[in-house]
Amino acid sequence: MTDVAAHPALDRLATALGDRLAFPGDSRWDAVRSPWNLSIDQHPAAVAAPAGLDELRDVLDAARADGLQLAVQPGGHGASGNLDGTVLLRTAAFDRLEVDRDARVALIGAGVSWGRVLDALSGTGLVAMAGSSPIINATAFTLSGGQSWFARSHGHASGSLRAVELLTADGRHRWLRDADEPELLWAMRGAGGAFGVVTAIEVDLHPAPVITGGRLDFEPTDVAAVLRAVVDAGRDAPDTLALHAGVLRIPDVPQAAPELRGRTIVTAMFVELGASGEARAAIDRVRAAGTVVTDTIGPVPVEHLGGIVDEPTDPSPDTSWSALADLDADAIDRLVDAWRSPEGQEIIAFGFRALGGALALPPRRPGIAGAVREWNVVTAHAMGLPGGEEAAERAFTAMRAAVGHAASDRTFCTFLGPGVGYTGAYAESDVARAANVKATVDPEGRFRGNRDFT
Ligand SMILES: Cc1cc2nc3c(=O)[nH]c(=O)nc-3n(C[C@H](O)[C@H](O)[C@H](O)COP(=O)(O)OP(=O)(O)OC[C@H]3O[C@@H](n4cnc5c(N)ncnc54)[C@H](O)[C@@H]3O)c2cc1C
């Protein structure tokens with residue numbers, strides 16, 4: 001039942017908002033409170049899906065009157081758990097999307113996914129800094145740094161963030177640019193989830209007259225050779241080429257498609273801004289590393305970019321580990337051994353991306369998501385089922401040990417596990433600087449992001 005006494009102001013909004021405001025005890029409570037990552041069991045005080053700015057302001061005012069915090073969570077791939085005393089905000093209604101082809105700029109509402117943005121770019125010869133999955137929210141991704149297919153060409157997605165439209169705790173709603181608020185924009189380019197509610201962002205679009213890419217799937221026995229080839233190719237391939245490598249071990253469980261149960265799939269994935277001979281040579285080196293069973297390399301229309309990796313779209317349990325690292329052939333062999341070991345059986349997917357290029361340089365626009373010196377980011381995923389936490393942690397420990405000294409103790413903000421603060425991604429001095437910005441913009445601490453400034 002709704003605890004009316006605990007939040008009387010919010011409760012008074014219930015009639016006006018109807019289905020757009022839910023409380024514990026409502027019949028659909030579990031459906032609306034759940035994040036995409038079903039491993040996270042979050043218990044907010046209420047969930048609001050305001051229809052527009054006026055309702056958003058009403059929710060902010062009511063939360064303040066009731067002494068509650070607010071947390072924006074469009075999807076919850078990056079959910080981190082603790083939402084006690086917090087109103088969870090869903091942003092689906094903020095669905096504006098405008099592409100200015102001549103100015104190479106897009107205005108993206110806070111409810112818009114990368115898939116929708118890429119569809120809108122069809123035929124324009126332009127791309128936005130999208131990641132591998134079309135269902136990820138473009139604003140959430142960009143405010144968290146965002147590791148795009150085009151990171152080696154253009155750096156963090158947050159470096160292409162031109163402006164934010166922000167509702168702050170003091171009730172002001174305005175567009176903010178570097179000229180107005182350079183320090184706030186610096187912090188929001190990578191640690192942007194706790195300064196207010198972003199209702200839209202404006203981002204650079206980048207020229208992409210031709211995009212080439214796709215995936216190569218190999219026999220499972222080729223795993224080490226293929227991963228080594230991708231590490232090597234990533235060191236000298238042109239910056240216009242993105243290289244990802246991954247291994248998927250599909251569990252023999254009833255939830256998996258019958259034809260895939262128990263199978264292992266070894267994959268190398270590529271996206272090039274262009275169609276150069278150098279990139280083709282790098283892809284050919286990987287192709288020669290094993291027996292190719294599927295080869296989809298070819299021209300990729302921008303609206304099909306989200307289909308290359310074939311990641312899950314339905315809400316799923318997930319628990320993961322990630323680290324920036326400088327992989328070499330020995331580290332790959334140790335990783336494969338760890339994945340094959342008894343502890344490693346808990347890992348259903350692991351892989352890495354090639355970094356370098358523009359990511360190793362200062363960002364296009366100043367941001368806390370700064371230059372990344374490592375050549376790779378490694379990730380591993382376990383099933384994340386209740387009761388499996390210890391087994392997953394043992395598996396991740398084995399993977400971490402396998403990478404050894406090649407691993408840093410940081411990763412991209414978007415790849416951090418639940419409950420890990422921004423120092424998991426950024427230098428302590430930068431996190432302290434962002435915390436100062438937070439204290440100025442939101443002195444009451446009304447907003448809570450999925451990461452703390454610790
Ligand atoms: C299948 C899959 C593929 C992925 N691929 C990539 C990839 O290629 N590259 C990469 O970098 N990451 C990737 N990720 C990670 C993903 O980018 C993060 O999980 C990120 O948090 C976005 O997830 P989301 O859209 O569900 O946002 P949420 O988890 O719902 O939001 C994340 C945080 O952003 C902030 N936020 C969101 N919207 C607003 C707003 N309007 N105003 C203020 N703050 C806001 C909040 O602090 C919120 O907690 C992937 C994740 C999955 C599950």
# chains A, B, ... in the order shown; residues from 1 in each chain; ligands from 1
>>> select_by_dssp(residues="region 244-434 of chain A", states="helix (DSSP H, G or I)", output="ChimeraX atom specification")
/A:277-287,302-307,329-340,343-346,357-360,389-406,413-415,422-424,428-434
>>> closest_atom_pairs(of="region 85-178 of chain A", to="region 42-49 of chain A", cutoff="10 Å", atoms="only C-alpha atoms", output="Markdown table")
| residue | atom | partner | partner_atom | distance |
| --- | --- | --- | --- | --- |
| A:Gly85 | CA | A:Ala45 | CA | 5.4 |
| A:Thr86 | CA | A:Pro44 | CA | 5.2 |
| A:Val87 | CA | A:Ala46 | CA | 4.9 |
| A:Leu88 | CA | A:Val47 | CA | 4.6 |
| A:Leu89 | CA | A:Ala48 | CA | 5.0 |
| A:Arg90 | CA | A:Ala49 | CA | 4.7 |
| A:Thr91 | CA | A:Ala49 | CA | 6.2 |
| A:Ala92 | CA | A:Ala49 | CA | 7.2 |
| A:Ala93 | CA | A:Ala49 | CA | 7.5 |
| A:Phe94 | CA | A:Ala49 | CA | 9.8 |
>>> residues_near_ligand(ligand="ligand 1", cutoff="8 Å", atoms="only C-alpha atoms and all ligand atoms", output="MDAnalysis selection string")
chainID A and resid 35:37 71:80 91 110:111 113 130:133 135:141 143:149 166 192:200 311:313 318 412:415 448:451
>>> residues_around(residues="region 11-13 of chain A", least_positions_apart="3", cutoff="8 Å", atoms="only C-alpha atoms", output="ChimeraX atom specification")
/A:4,7-8,16-17,58-59,62
>>> write_last_selection(atoms="all heavy atoms", output="mmCIF file, in the first residue's frame")
data_model
loop_
_atom_site.group_PDB
_atom_site.id
_atom_site.type_symbol
_atom_site.label_atom_id
_atom_site.label_comp_id
_atom_site.auth_asym_id
_atom_site.auth_seq_id
_atom_site.Cartn_x
_atom_site.Cartn_y
_atom_site.Cartn_z
ATOM 1 N N VAL A 4 1.015 7.064 2.460
ATOM 2 C CA VAL A 4 0.661 8.452 2.144
ATOM 3 C C VAL A 4 1.435 9.413 3.038
ATOM 4 O O VAL A 4 1.937 10.437 2.587
ATOM 5 C CB VAL A 4 -0.860 8.660 2.311
ATOM 6 C CG1 VAL A 4 -1.235 10.109 2.020
ATOM 7 C CG2 VAL A 4 -1.612 7.721 1.388
ATOM 8 N N HIS A 7 5.015 10.638 1.882
ATOM 9 C CA HIS A 7 5.230 11.590 0.779
ATOM 10 C C HIS A 7 3.896 12.210 0.361
ATOM 11 O O HIS A 7 3.379 11.946 -0.731
ATOM 12 C CB HIS A 7 5.932 10.927 -0.400
ATOM 13 C CG HIS A 7 5.567 9.502 -0.621
ATOM 14 N ND1 HIS A 7 4.318 9.137 -1.020
ATOM 15 C CD2 HIS A 7 6.300 8.376 -0.499
ATOM 16 C CE1 HIS A 7 4.303 7.805 -1.147
ATOM 17 N NE2 HIS A 7 5.479 7.330 -0.830
ATOM 18 N N PRO A 8 3.370 13.083 1.236
ATOM 19 C CA PRO A 8 2.051 13.664 0.964
ATOM 20 C C PRO A 8 2.015 14.515 -0.306
ATOM 21 O O PRO A 8 1.029 14.472 -1.051
ATOM 22 C CB PRO A 8 1.764 14.524 2.208
ATOM 23 C CG PRO A 8 3.096 14.720 2.873
ATOM 24 C CD PRO A 8 3.903 13.526 2.539
ATOM 25 N N ALA A 16 -3.481 13.751 -10.875
ATOM 26 C CA ALA A 16 -3.128 14.420 -12.130
ATOM 27 C C ALA A 16 -2.267 13.529 -13.020
ATOM 28 O O ALA A 16 -2.442 13.495 -14.239
ATOM 29 C CB ALA A 16 -2.394 15.715 -11.829
ATOM 30 N N LEU A 17 -1.352 12.781 -12.435
ATOM 31 C CA LEU A 17 -0.422 11.994 -13.262
ATOM 32 C C LEU A 17 -0.965 10.611 -13.626
ATOM 33 O O LEU A 17 -0.509 9.997 -14.588
ATOM 34 C CB LEU A 17 0.944 11.864 -12.571
ATOM 35 C CG LEU A 17 1.965 12.921 -13.009
ATOM 36 C CD1 LEU A 17 1.589 14.303 -12.514
ATOM 37 C CD2 LEU A 17 3.356 12.559 -12.538
ATOM 38 N N ASP A 58 6.496 19.527 -11.563
ATOM 39 C CA ASP A 58 5.605 19.160 -10.450
ATOM 40 C C ASP A 58 6.238 18.049 -9.611
ATOM 41 O O ASP A 58 6.176 18.065 -8.380
ATOM 42 C CB ASP A 58 4.247 18.673 -10.988
ATOM 43 C CG ASP A 58 3.443 19.808 -11.609
ATOM 44 O OD1 ASP A 58 3.778 20.983 -11.337
ATOM 45 O OD2 ASP A 58 2.507 19.509 -12.380
ATOM 46 N N VAL A 59 6.845 17.083 -10.281
ATOM 47 C CA VAL A 59 7.474 15.969 -9.558
ATOM 48 C C VAL A 59 8.663 16.485 -8.743
ATOM 49 O O VAL A 59 8.850 16.106 -7.579
ATOM 50 C CB VAL A 59 7.912 14.851 -10.535
ATOM 51 C CG1 VAL A 59 8.696 13.764 -9.800
ATOM 52 C CG2 VAL A 59 6.704 14.237 -11.236
ATOM 53 N N ALA A 62 7.313 18.347 -5.725
ATOM 54 C CA ALA A 62 6.735 17.430 -4.731
ATOM 55 C C ALA A 62 7.837 16.657 -4.013
ATOM 56 O O ALA A 62 7.783 16.457 -2.791
ATOM 57 C CB ALA A 62 5.762 16.465 -5.416
#
>>> select_by_dssp(residues="region 82-198 of chain A", states="strand (DSSP E or B)", output="ChimeraX atom specification")
/A:86-89,97-100,105-109,113,126-127,137,161-167,173-176,197-198
>>> residues_around(residues="region 389-395 of chain A", least_positions_apart="4", cutoff="7 Å", atoms="only C-alpha atoms", output="list in words")
Glu343, Gly344, Glu346, Ile347, Ala382, Gly384 and Met399 of chain A
>>> closest_atom_pairs(of="region 97-191 of chain A", to="region 201-205 of chain A", cutoff="12 Å", atoms="only C-alpha atoms", output="tab-separated table")
residue	atom	partner	partner_atom	distance
A:Leu97	CA	A:Ile201	CA	9.8
A:Glu98	CA	A:Glu202	CA	9.4
A:Val99	CA	A:Leu205	CA	8.9
A:Asp100	CA	A:Leu205	CA	9.0
A:Arg101	CA	A:Leu205	CA	8.3
A:Asp102	CA	A:Leu205	CA	10.0
A:Ala103	CA	A:Leu205	CA	8.6
A:Arg104	CA	A:Leu205	CA	4.8
A:Val105	CA	A:Asp204	CA	4.8
A:Ala106	CA	A:Val203	CA	5.4
A:Leu107	CA	A:Glu202	CA	4.5
A:Ile108	CA	A:Ile201	CA	5.3
A:Gly109	CA	A:Ile201	CA	6.5
A:Ala110	CA	A:Ile201	CA	7.3
A:Gly111	CA	A:Ile201	CA	10.6
A:Val112	CA	A:Ile201	CA	10.3
A:Val117	CA	A:Leu205	CA	10.6
A:Leu118	CA	A:Leu205	CA	10.8
A:Ala120	CA	A:Leu205	CA	11.8
A:Leu121	CA	A:Leu205	CA	9.3
A:Thr124	CA	A:Leu205	CA	10.2
A:Gly125	CA	A:Leu205	CA	9.7
A:Leu126	CA	A:Leu205	CA	6.0
A:Val127	CA	A:Leu205	CA	5.5
A:Ala128	CA	A:Leu205	CA	4.9
A:Met129	CA	A:Leu205	CA	7.6
A:Ala130	CA	A:Leu205	CA	10.4
A:Asn137	CA	A:Ile201	CA	11.6
A:Ala138	CA	A:Ile201	CA	8.8
A:Thr139	CA	A:Ile201	CA	6.6
A:Ala140	CA	A:Ile201	CA	10.1
A:Phe141	CA	A:Ile201	CA	11.3
A:Thr142	CA	A:Ile201	CA	8.9
A:Leu143	CA	A:Ile201	CA	9.3
A:Phe150	CA	A:Leu205	CA	11.1
A:His154	CA	A:Asp204	CA	10.3
A:His156	CA	A:Asp204	CA	12.0
A:Ala157	CA	A:Val203	CA	8.8
A:Ser158	CA	A:Val203	CA	8.7
A:Gly159	CA	A:Asp204	CA	8.9
A:Ser160	CA	A:Asp204	CA	5.2
A:Leu161	CA	A:Val203	CA	4.6
A:Arg162	CA	A:Val203	CA	5.2
A:Ala163	CA	A:Glu202	CA	5.1
A:Val164	CA	A:Ile201	CA	4.5
A:Glu165	CA	A:Ile201	CA	6.0
A:Leu166	CA	A:Ile201	CA	8.8
A:Arg174	CA	A:Ile201	CA	11.2
A:Trp175	CA	A:Ile201	CA	8.7
A:Leu176	CA	A:Ile201	CA	9.6
A:Arg177	CA	A:Glu202	CA	9.7
A:Leu185	CA	A:Ile201	CA	11.5
A:Met188	CA	A:Ile201	CA	11.1
A:Arg189	CA	A:Ile201	CA	11.3
>>> write_last_selection(atoms="N, CA and C atoms", output="compact mmCIF listing (two decimals), in the first residue's frame")
# COMPACT_ATOMS: atom_id res chain seq x y z
N LEU A 97 13.50 14.70 -31.62
CA LEU A 97 14.70 14.30 -32.37
C LEU A 97 14.77 15.13 -33.64
N GLU A 98 15.78 15.98 -33.73
CA GLU A 98 15.91 16.86 -34.91
C GLU A 98 17.33 16.74 -35.44
N VAL A 99 17.44 16.52 -36.75
CA VAL A 99 18.76 16.41 -37.38
C VAL A 99 18.95 17.60 -38.31
N ASP A 100 20.02 18.35 -38.08
CA ASP A 100 20.36 19.45 -38.99
C ASP A 100 21.57 18.99 -39.80
N ARG A 101 21.26 18.52 -41.00
CA ARG A 101 22.29 17.89 -41.83
C ARG A 101 23.38 18.89 -42.21
N ASP A 102 22.98 20.11 -42.54
CA ASP A 102 23.98 21.10 -42.98
C ASP A 102 24.91 21.50 -41.84
N ALA A 103 24.32 21.71 -40.65
CA ALA A 103 25.14 22.13 -39.51
C ALA A 103 25.84 20.92 -38.86
N ARG A 104 25.47 19.70 -39.28
CA ARG A 104 25.99 18.46 -38.67
C ARG A 104 25.77 18.44 -37.16
N VAL A 105 24.52 18.67 -36.79
CA VAL A 105 24.14 18.70 -35.38
C VAL A 105 22.83 17.95 -35.22
N ALA A 106 22.68 17.21 -34.10
CA ALA A 106 21.39 16.61 -33.78
C ALA A 106 20.95 17.06 -32.40
N LEU A 107 19.65 17.34 -32.26
CA LEU A 107 19.05 17.59 -30.97
C LEU A 107 18.32 16.31 -30.58
N ILE A 108 18.69 15.75 -29.45
CA ILE A 108 18.19 14.43 -29.06
C ILE A 108 17.50 14.54 -27.71
N GLY A 109 16.21 14.22 -27.65
CA GLY A 109 15.48 14.25 -26.40
C GLY A 109 15.96 13.17 -25.44
N ALA A 110 15.70 13.38 -24.15
CA ALA A 110 16.24 12.49 -23.11
C ALA A 110 15.61 11.10 -23.13
N GLY A 111 14.55 10.91 -23.94
CA GLY A 111 13.95 9.58 -24.01
C GLY A 111 14.33 8.80 -25.25
N VAL A 112 15.27 9.34 -26.03
CA VAL A 112 15.54 8.76 -27.36
C VAL A 112 16.72 7.79 -27.31
N VAL A 117 18.08 7.39 -33.26
CA VAL A 117 18.96 8.41 -33.86
C VAL A 117 19.55 7.86 -35.16
N LEU A 118 20.04 6.62 -35.13
CA LEU A 118 20.66 6.06 -36.34
C LEU A 118 19.64 5.93 -37.47
N ALA A 120 17.20 7.92 -37.98
CA ALA A 120 16.97 9.28 -38.49
C ALA A 120 18.14 9.74 -39.36
N LEU A 121 19.30 9.12 -39.20
CA LEU A 121 20.48 9.52 -39.99
C LEU A 121 20.58 8.76 -41.31
N THR A 124 21.80 10.29 -44.75
CA THR A 124 22.36 11.64 -44.58
C THR A 124 23.87 11.68 -44.82
N GLY A 125 24.54 10.52 -44.80
CA GLY A 125 26.00 10.52 -44.89
C GLY A 125 26.65 10.98 -43.61
N LEU A 126 25.90 10.92 -42.49
CA LEU A 126 26.42 11.36 -41.19
C LEU A 126 26.21 10.26 -40.16
N VAL A 127 27.08 10.24 -39.13
CA VAL A 127 26.86 9.34 -38.00
C VAL A 127 26.90 10.14 -36.70
N ALA A 128 26.28 9.55 -35.68
CA ALA A 128 26.41 10.06 -34.31
C ALA A 128 27.25 9.06 -33.54
N MET A 129 27.67 9.45 -32.32
CA MET A 129 28.62 8.64 -31.55
C MET A 129 27.90 7.52 -30.80
N ALA A 130 27.26 6.63 -31.55
CA ALA A 130 26.49 5.54 -30.96
C ALA A 130 27.39 4.40 -30.52
N ASN A 137 20.03 4.38 -24.28
CA ASN A 137 19.57 5.77 -24.33
C ASN A 137 20.74 6.69 -24.70
N ALA A 138 20.53 7.53 -25.71
CA ALA A 138 21.64 8.36 -26.21
C ALA A 138 22.11 9.37 -25.17
N THR A 139 21.19 9.92 -24.39
CA THR A 139 21.58 10.92 -23.37
C THR A 139 22.36 10.24 -22.24
N ALA A 140 21.85 9.12 -21.73
CA ALA A 140 22.54 8.41 -20.64
C ALA A 140 23.95 8.04 -21.06
N PHE A 141 24.09 7.51 -22.25
CA PHE A 141 25.37 7.06 -22.79
C PHE A 141 26.35 8.24 -22.88
N THR A 142 25.88 9.35 -23.44
CA THR A 142 26.76 10.50 -23.68
C THR A 142 27.17 11.16 -22.37
N LEU A 143 26.22 11.26 -21.42
CA LEU A 143 26.55 11.87 -20.12
C LEU A 143 27.54 11.00 -19.34
N PHE A 150 32.83 4.75 -33.00
CA PHE A 150 33.68 5.74 -33.67
C PHE A 150 34.67 6.40 -32.71
N HIS A 154 36.93 9.68 -33.17
CA HIS A 154 36.47 10.96 -32.61
C HIS A 154 36.52 11.02 -31.08
N HIS A 156 35.72 10.00 -26.97
CA HIS A 156 34.51 9.68 -26.19
C HIS A 156 33.28 10.34 -26.83
N ALA A 157 32.12 9.69 -26.68
CA ALA A 157 30.88 10.31 -27.16
C ALA A 157 30.68 11.66 -26.48
N SER A 158 31.09 11.76 -25.22
CA SER A 158 30.88 13.02 -24.48
C SER A 158 31.68 14.17 -25.09
N GLY A 159 32.75 13.86 -25.83
CA GLY A 159 33.51 14.91 -26.50
C GLY A 159 32.74 15.53 -27.65
N SER A 160 31.69 14.85 -28.11
CA SER A 160 30.84 15.40 -29.19
C SER A 160 29.58 16.04 -28.63
N LEU A 161 29.52 16.18 -27.28
CA LEU A 161 28.36 16.82 -26.64
C LEU A 161 28.54 18.33 -26.71
N ARG A 162 27.65 19.00 -27.45
CA ARG A 162 27.77 20.46 -27.64
C ARG A 162 27.06 21.22 -26.52
N ALA A 163 25.87 20.72 -26.12
CA ALA A 163 25.07 21.48 -25.15
C ALA A 163 24.08 20.54 -24.47
N VAL A 164 23.64 20.92 -23.28
CA VAL A 164 22.61 20.16 -22.58
C VAL A 164 21.46 21.10 -22.22
N GLU A 165 20.24 20.56 -22.28
CA GLU A 165 19.07 21.30 -21.81
C GLU A 165 18.74 20.71 -20.44
N LEU A 166 18.90 21.53 -19.39
CA LEU A 166 18.94 20.98 -18.03
C LEU A 166 17.92 21.67 -17.13
N ARG A 174 17.12 25.37 -18.84
CA ARG A 174 17.77 26.16 -19.90
C ARG A 174 18.82 25.32 -20.62
N TRP A 175 19.14 25.82 -21.83
CA TRP A 175 20.25 25.22 -22.57
C TRP A 175 21.56 25.76 -22.01
N LEU A 176 22.53 24.87 -21.83
CA LEU A 176 23.83 25.27 -21.29
C LEU A 176 24.92 24.85 -22.26
N ARG A 177 25.81 25.79 -22.54
CA ARG A 177 26.96 25.55 -23.43
C ARG A 177 28.24 25.90 -22.71
N LEU A 185 29.76 21.92 -17.85
CA LEU A 185 29.84 21.09 -19.06
C LEU A 185 31.01 20.13 -18.98
N MET A 188 29.82 17.32 -16.89
CA MET A 188 28.74 16.53 -17.50
C MET A 188 29.25 15.68 -18.67
N ARG A 189 30.43 15.98 -19.17
CA ARG A 189 30.99 15.15 -20.25
C ARG A 189 31.69 13.93 -19.65
>>> closest_residue(among="A:Leu10, A:Leu260, A:Leu327, A:Ala245", to="Leu68 (chain A)", atoms="only C-alpha atoms")
A:Leu10
>>> residues_around(residues="Val293 (chain A)", least_positions_apart="5", cutoff="9 Å", atoms="only C-alpha atoms", output="list in words")
Leu216, Asp217, Phe218 and Glu219 of chain A
>>> residues_around(residues="Val378 (chain A)", least_positions_apart="2", cutoff="12 Å", atoms="only C-alpha atoms", output="PyMOL selection string")
chain A and resi 227+231+244-247+320-327+331-332+335+349-355+374-376+380-381+396+399-400+402-403+406-412+415-416
>>> atom_distance(atom1="CA of His405 (chain A)", atom2="CA of Ser153 (chain A)")
27.6 Å
>>> residues_around(residues="region 269-274 of chain A", least_positions_apart="4", cutoff="10 Å", atoms="only C-alpha atoms", output="PyMOL selection string")
chain A and resi 127+149-150+153+206-217+230+238-246+279-280+282-283+295-300+305+308-309+353
